[in-house]
>>> print(open('structure_17.tsv').read())   # TSV, C-alpha atoms and all ligand atoms
chain	number	residue	atom	x	y	z
T	29	MET	CA	118.65	138.32	89.46
T	30	SER	CA	115.39	136.40	89.53
T	31	LYS	CA	114.70	134.26	92.57
T	32	ALA	CA	114.26	130.56	91.87
T	33	LYS	CA	111.14	129.17	93.51
T	34	VAL	CA	111.72	126.03	95.51
T	35	ARG	CA	108.50	124.05	95.56
T	36	LYS	CA	108.09	121.30	98.11
T	37	LYS	CA	106.65	118.18	96.50
T	38	PRO	CA	103.26	117.51	98.08
T	39	ASP	CA	102.93	114.13	99.78
T	40	GLN	CA	101.59	111.54	97.38
T	41	PHE	CA	98.70	110.43	99.60
T	42	LYS	CA	97.63	113.58	101.46
T	43	LYS	CA	94.93	114.72	99.03
T	44	SER	CA	93.30	111.29	98.76
T	45	TYR	CA	93.10	110.75	102.52
T	46	GLU	CA	91.71	114.27	102.96
T	47	PHE	CA	89.01	113.43	100.45
T	48	TRP	CA	88.14	110.03	101.97
T	49	SER	CA	88.60	110.99	105.64
T	50	ASP	CA	84.85	110.94	106.43
T	51	TRP	CA	84.45	107.49	104.92
T	52	TYR	CA	87.70	105.77	105.71
T	53	ASP	CA	86.84	104.05	109.03
T	54	TRP	CA	83.38	103.11	107.84
T	55	LEU	CA	84.71	101.56	104.63
T	56	ALA	CA	87.50	99.73	106.49
T	57	ASP	CA	84.97	98.23	108.93
T	58	LEU	CA	82.68	97.26	106.08
T	59	PHE	CA	85.14	95.57	103.74
T	60	SER	CA	87.02	93.85	106.58
T	61	PHE	CA	83.91	92.72	108.48
T	62	GLN	CA	85.42	94.53	111.52
T	63	LEU	CA	88.56	92.39	111.39
T	64	ILE	CA	90.77	95.45	110.77
T	65	LYS	CA	89.52	96.91	114.03
T	66	ALA	CA	90.30	93.63	115.84
T	67	SER	CA	93.79	93.46	114.30
T	68	LYS	CA	94.58	97.00	115.41
T	69	GLU	CA	93.73	96.10	119.01
T	70	VAL	CA	96.24	93.24	119.26
T	71	HIS	CA	99.07	95.61	120.27
T	72	LEU	CA	97.19	96.70	123.40
T	73	SER	CA	98.24	93.56	125.27
T	74	SER	CA	101.91	94.53	124.76
T	75	LEU	CA	101.46	97.98	126.32
T	76	ASN	CA	102.64	98.97	129.76
T	77	ARG	CA	101.65	101.98	131.80
T	78	ASP	CA	103.80	105.06	130.97
T	79	ASP	CA	105.13	103.50	127.77
T	80	ARG	CA	105.84	106.02	125.04
T	81	VAL	CA	103.85	104.90	122.04
T	82	LEU	CA	103.93	106.24	118.49
T	83	TYR	CA	101.12	105.82	115.93
T	84	PRO	CA	102.51	106.77	112.49
T	85	GLY	CA	99.73	107.48	109.97
T	86	MET	CA	97.20	107.22	112.82
T	87	GLY	CA	94.13	108.12	110.73
T	88	SER	CA	91.26	109.02	113.07
T	89	GLY	CA	93.03	107.25	115.95
T	90	GLN	CA	90.42	104.50	116.51
T	91	GLU	CA	92.69	102.33	118.66
T	92	MET	CA	94.49	105.17	120.45
T	93	VAL	CA	91.73	105.72	122.99
T	94	ALA	CA	92.31	102.32	124.61
T	95	ALA	CA	96.07	102.91	124.65
T	96	VAL	CA	95.67	106.23	126.41
T	97	ARG	CA	93.21	104.68	128.87
T	98	ALA	CA	95.83	102.03	129.64
T	99	GLY	CA	98.15	104.84	130.75
T	100	ALA	CA	100.44	105.04	127.71
T	101	LYS	CA	102.00	108.35	126.64
T	102	VAL	CA	100.72	108.52	123.12
T	103	THR	CA	101.98	110.42	120.06
T	104	GLY	CA	99.95	110.24	116.85
T	105	ILE	CA	101.05	111.58	113.47
T	106	ASP	CA	99.09	112.05	110.30
T	107	ILE	CA	99.66	114.12	107.18
T	108	SER	CA	95.96	114.74	106.61
T	109	PRO	CA	94.55	117.72	108.57
T	110	GLN	CA	91.07	116.15	108.47
T	111	MET	CA	92.34	112.92	110.02
T	112	VAL	CA	94.15	114.86	112.77
T	113	LYS	CA	90.95	116.81	113.45
T	114	LYS	CA	89.02	113.54	113.76
T	115	ALA	CA	91.58	112.13	116.19
T	116	LYS	CA	91.43	115.35	118.21
T	117	ASN	CA	87.63	115.13	118.39
T	118	ARG	CA	87.83	111.51	119.45
T	119	LEU	CA	90.21	112.34	122.28
T	120	ALA	CA	88.73	115.76	123.16
T	121	ASN	CA	87.70	116.54	126.73
T	122	SER	CA	89.31	113.37	127.97
T	123	GLY	CA	91.89	115.18	130.07
T	124	TRP	CA	94.37	112.69	128.68
T	125	GLN	CA	97.84	113.65	127.63
T	126	VAL	CA	98.12	112.95	123.93
T	127	GLU	CA	100.39	114.54	121.38
T	128	LEU	CA	98.82	114.79	117.92
T	129	CYS	CA	100.97	116.05	115.05
T	130	GLU	CA	99.90	117.04	111.57
T	131	SER	CA	103.09	116.15	109.74
T	132	ASP	CA	104.93	113.71	107.55
T	133	VAL	CA	106.04	110.57	109.40
T	134	LYS	CA	109.30	110.68	107.44
T	135	GLU	CA	110.13	114.02	109.05
T	136	HIS	CA	109.39	112.94	112.63
T	137	LEU	CA	112.64	111.84	114.22
T	138	ARG	CA	113.18	111.05	117.91
T	139	PRO	CA	115.98	108.49	118.01
T	140	CYS	CA	115.63	105.71	120.63
T	141	PHE	CA	112.59	107.39	122.18
T	142	TYR	CA	109.58	105.08	121.89
T	143	ASP	CA	108.81	101.83	123.75
T	144	LEU	CA	106.29	100.75	121.14
T	145	ILE	CA	105.38	101.83	117.62
T	146	ALA	CA	102.01	100.71	116.24
T	147	ALA	CA	102.31	101.06	112.45
T	148	HIS	CA	98.87	99.88	111.40
T	149	TYR	CA	97.82	99.80	107.74
T	150	PHE	CA	100.40	102.48	106.99
T	151	LEU	CA	103.45	100.81	105.42
T	152	ASN	CA	101.19	99.12	102.87
T	153	LEU	CA	100.70	102.50	101.21
T	154	TYR	CA	104.19	102.05	99.77
T	155	ARG	CA	105.94	99.60	97.47
T	156	LYS	CA	108.55	97.31	98.99
T	157	ASP	CA	111.63	99.57	98.71
T	158	GLU	CA	109.91	102.62	100.14
T	159	ALA	CA	108.17	100.59	102.85
T	160	ILE	CA	111.57	99.32	104.02
T	161	ILE	CA	113.00	102.87	104.08
T	162	VAL	CA	110.07	104.10	106.20
T	163	LEU	CA	110.26	101.02	108.45
T	164	ARG	CA	114.00	101.65	109.00
T	165	ARG	CA	113.22	105.22	110.01
T	166	LEU	CA	110.61	103.99	112.49
T	167	ALA	CA	113.01	101.38	113.91
T	168	GLU	CA	115.55	104.16	114.61
T	169	GLN	CA	113.02	105.75	116.93
T	170	LEU	CA	112.57	102.66	119.08
T	171	LYS	CA	114.42	102.21	122.34
T	172	GLN	CA	116.58	99.12	122.76
T	173	ASN	CA	114.19	96.19	123.25
T	174	GLY	CA	111.32	98.37	122.02
T	175	LEU	CA	108.52	96.76	120.02
T	176	ILE	CA	107.06	97.54	116.63
T	177	VAL	CA	103.60	96.17	115.93
T	178	VAL	CA	102.33	96.08	112.36
T	179	ALA	CA	98.70	95.16	111.69
T	180	ASP	CA	98.17	94.79	107.95
T	181	PHE	CA	96.96	92.55	105.14
T	182	ALA	CA	98.00	88.92	105.55
T	183	TYR	CA	101.00	87.69	103.64
T	184	PRO	CA	99.75	84.68	101.67
T	185	GLY	CA	101.53	81.40	102.34
T	186	LYS	CA	101.76	78.35	100.10
T	187	ASN	CA	98.61	76.66	101.43
T	188	PRO	CA	95.92	76.21	98.70
T	189	ASN	CA	93.58	78.02	101.11
T	190	ASP	CA	95.75	81.10	100.62
T	191	ALA	CA	94.44	81.61	97.09
T	192	LEU	CA	91.60	83.49	98.78
T	193	THR	CA	94.09	85.57	100.77
T	194	HIS	CA	95.64	86.59	97.41
T	195	ILE	CA	92.29	87.36	95.82
T	196	TYR	CA	91.14	89.45	98.78
T	197	TYR	CA	94.44	91.34	98.96
T	198	TRP	CA	94.65	92.16	95.25
T	199	THR	CA	91.00	93.27	95.10
T	200	ILE	CA	91.46	95.73	97.95
T	201	ASN	CA	94.88	96.87	96.75
T	202	LEU	CA	93.54	97.54	93.25
T	203	ILE	CA	90.60	99.56	94.58
T	204	GLY	CA	92.93	101.43	96.98
T	205	ALA	CA	95.36	102.22	94.15
T	206	CYS	CA	92.52	103.51	91.91
T	207	LEU	CA	91.35	105.79	94.74
T	208	GLY	CA	94.91	107.04	95.34
T	209	LEU	CA	95.07	105.50	98.83
T	210	ALA	CA	98.03	103.16	98.20
T	211	LYS	CA	100.48	102.08	95.53
T	212	LEU	CA	99.72	98.92	93.58
T	213	HIS	CA	102.14	96.29	94.86
T	214	PRO	CA	102.37	92.64	96.00
T	215	PRO	CA	101.57	91.91	99.67
T	216	HIS	CA	104.29	92.80	102.16
T	217	ASP	CA	106.11	90.17	104.21
T	218	TYR	CA	107.05	92.19	107.30
T	219	LYS	CA	108.99	89.29	108.80
T	220	GLU	CA	111.44	89.65	105.92
T	221	TYR	CA	111.49	93.47	106.16
T	222	PHE	CA	112.10	93.38	109.93
T	223	SER	CA	115.28	91.38	109.31
T	224	TYR	CA	116.59	94.14	106.98
T	225	VAL	CA	116.27	96.88	109.60
T	226	GLY	CA	117.60	95.28	112.79
T	227	LEU	CA	114.31	93.96	114.18
T	228	HIS	CA	113.55	90.38	114.98
T	229	THR	CA	110.09	88.90	114.74
T	230	VAL	CA	108.85	87.78	118.15
T	231	LYS	CA	105.32	86.90	117.08
T	232	SER	CA	103.07	86.82	114.06
T	233	GLN	CA	99.34	86.27	114.31
T	234	ARG	CA	97.06	85.56	111.36
T	235	ILE	CA	93.50	86.87	111.50
T	236	GLY	CA	90.52	85.50	109.58
T	237	PHE	CA	87.27	83.67	110.17
T	238	GLY	CA	87.62	80.34	111.98
T	239	LYS	CA	89.58	77.89	109.85
T	240	GLY	CA	89.13	80.01	106.72
T	241	PRO	CA	91.96	81.89	105.02
T	242	ALA	CA	93.70	84.68	106.89
T	243	LEU	CA	92.82	88.13	105.57
T	244	PHE	CA	94.88	90.15	108.02
T	245	GLN	CA	98.00	89.61	110.07
T	246	VAL	CA	99.81	91.20	112.99
T	247	TRP	CA	103.60	91.11	113.17
T	248	ILE	CA	105.48	92.01	116.34
T	249	GLY	CA	109.18	92.85	116.06
T	250	ARG	CA	111.74	93.70	118.72
T	251	LYS	CA	114.77	95.96	118.37
T	252	ASP	CA	117.81	94.02	119.57
T	301	LIG	C1	95.46	103.47	105.46
T	301	LIG	S1	95.32	104.80	106.56
T	301	LIG	C2	95.55	104.01	108.12
T	301	LIG	C3	95.04	104.81	109.27
T	301	LIG	C4	95.13	104.11	110.64
T	301	LIG	N1	96.48	103.73	110.99
T	301	LIG	C5	94.23	102.91	110.66
T	301	LIG	O1	94.74	101.79	110.65
T	301	LIG	O2	93.01	103.11	110.65
T	301	LIG	C6	96.86	105.61	106.33
T	301	LIG	C7	96.98	106.96	107.03
T	301	LIG	O3	98.32	107.43	106.84
T	301	LIG	C8	98.27	108.84	106.58
T	301	LIG	N2	99.50	109.18	105.84
T	301	LIG	C9	99.81	108.92	104.56
T	301	LIG	N3	101.05	109.33	104.27
T	301	LIG	C10	101.55	109.87	105.41
T	301	LIG	C11	102.79	110.46	105.76
T	301	LIG	N4	103.78	110.57	104.89
T	301	LIG	N5	102.95	110.92	107.03
T	301	LIG	C12	101.93	110.82	107.93
T	301	LIG	N6	100.74	110.26	107.66
T	301	LIG	C13	100.55	109.78	106.41
T	301	LIG	C14	96.99	109.06	105.81
T	301	LIG	O4	96.53	110.38	105.89
T	301	LIG	C15	96.06	108.03	106.49
T	301	LIG	O5	95.35	108.63	107.55
>>> encode(input="structure_17.tsv", output="structure tokens", more="lines below")
Ligand SMILES: C[S@@+](CC[C@H](N)C(=O)[O-])C[C@H]1O[C@@H](n2cnc3c(N)ncnc32)[C@H](O)[C@@H]1O
Amino acid sequence: MSKAKVRKKPDQFKKSYEFWSDWYDWLADLFSFQLIKASKEVHLSSLNRDDRVLYPGMGSGQEMVAAVRAGAKVTGIDISPQMVKKAKNRLANSGWQVELCESDVKEHLRPCFYDLIAAHYFLNLYRKDEAIIVLRRLAEQLKQNGLIVVADFAYPGKNPNDALTHIYYWTINLIGACLGLAKLHPPHDYKEYFSYVGLHTVKSQRIGFGKGPALFQVWIGRKD
């Protein structure tokens, strides 16, 4: 009897992030005028010493250094070996206790374990339905009263100013989709998604230049 081969479907984004790993941070800083970096740092003010913190799809772990310095017990996950290597190099020789995993976020399951999950620029890889499934999985891993912080592209409101938020979002999303870094989809409204998965929004902060349109946004949700 011939043996049937069971092939595991490769993750849809792994190859692209491997390819772009050397350029990713540089490009993100360039096209966001450093605002992405600023948005990823917002969660640091919600961290307490000894908190268990998860970074799903951590990339090169830019913002993890400050979290570890603040005394958090950090776990970072990424599916791209190159990204994990970069995070390791960033945190090497620090003597800090950091757990870095090369794996699929969807397979990482520690129910009610983390005090804070910083899901930055990760859920936007997916279309709405899949983003909600992944968000639900992340919410399961939060302790009661734990926080999830999502830094991502701003959700455009109804203000005429927000036309620019739309234009910026769709330009970047289209380029990202062509490069295989994200699916093509409308902007995500995480306040709405939080309500589907048992989280309530405690804060939302829009990030842009002065009184200009917001380009990025940070949502903070709590598990009740
Ligand atoms: C847009 S980047 C964001 C990186 C980082 N969070 C940041 O804000 O700079 C998305 C990251 O998610 C990783 N990724 C994609 N799918 C993944 C999955 N299923 N499990 C774990 N990591 C994944 C990619 O390799 C990439 O490093």
>>> residues_near_ligand(input="structure_17.tsv", ligand="ligand LIG 301 (chain T)", cutoff="8 Å", atoms="only C-alpha atoms and all ligand atoms", output="ChimeraX atom specification")
/T:39-42,44-46,49,52-53,56,64-65,68,83-90,105-108,111,130-134,147-150,152-153,179,209-210
>>> residues_around(input="structure_17.tsv", residues="range 231-248 of chain T", least_positions_apart="2", cutoff="9 Å", atoms="all atoms listed in the file", output="ChimeraX atom specification")
/T:60,63-64,66-68,70-71,148,175-184,189-194,196-197,218-219,228-229,250
>>> closest_residue(input="structure_17.tsv", among="T:Trp124, T:Tyr224, T:Trp48, T:Tyr142", to="Leu75 in chain T", atoms="all atoms listed in the file")
T:Tyr142
>>> atom_distance(input="structure_17.tsv", atom1="CA of Asn76 in chain T", atom2="CA of Gln169 in chain T")
17.8 Å
>>> atom_distance(input="structure_17.tsv", atom1="CA of Leu137 in chain T", atom2="CA of Asn201 in chain T")
29.1 Å
>>> atom_distance(input="structure_17.tsv", atom1="CA of Lys113 in chain T", atom2="CA of Trp51 in chain T")
14.2 Å
>>> closest_residue(input="structure_17.tsv", among="T:His213, T:His136, T:Arg80, T:Lys101", to="Ile200 in chain T", atoms="only C-alpha atoms")
T:His213
>>> closest_residue(input="structure_17.tsv", among="T:Arg118, T:Leu82, T:Val162, T:Leu151", to="Gly104 in chain T", atoms="all atoms listed in the file")
T:Leu82
>>> closest_residue(input="structure_17.tsv", among="T:Leu55, T:Ala115, T:Leu207, T:Leu72", to="Ala98 in chain T", atoms="only C-alpha atoms")
T:Leu72
>>> closest_residue(input="structure_17.tsv", among="T:Phe141, T:Phe47, T:Tyr221, T:Phe61", to="Leu170 in chain T", atoms="all atoms listed in the file")
T:Phe141
>>> residues_around(input="structure_17.tsv", residues="Asp252 in chain T", least_positions_apart="6", cutoff="7 Å", atoms="all atoms listed in the file", output="list in words")
Gln172, Asn173, Gly226 and Leu227 of chain T
>>> axis_aligned_box(input="structure_17.tsv", around="range 192-203 of chain T", padding_each_side="4 Å", output="lines of an AutoDock Vina configuration file")
center_x = 93.1
center_y = 91.5
center_z = 97.0
size_x = 13.0
size_y = 24.1
size_z = 15.5
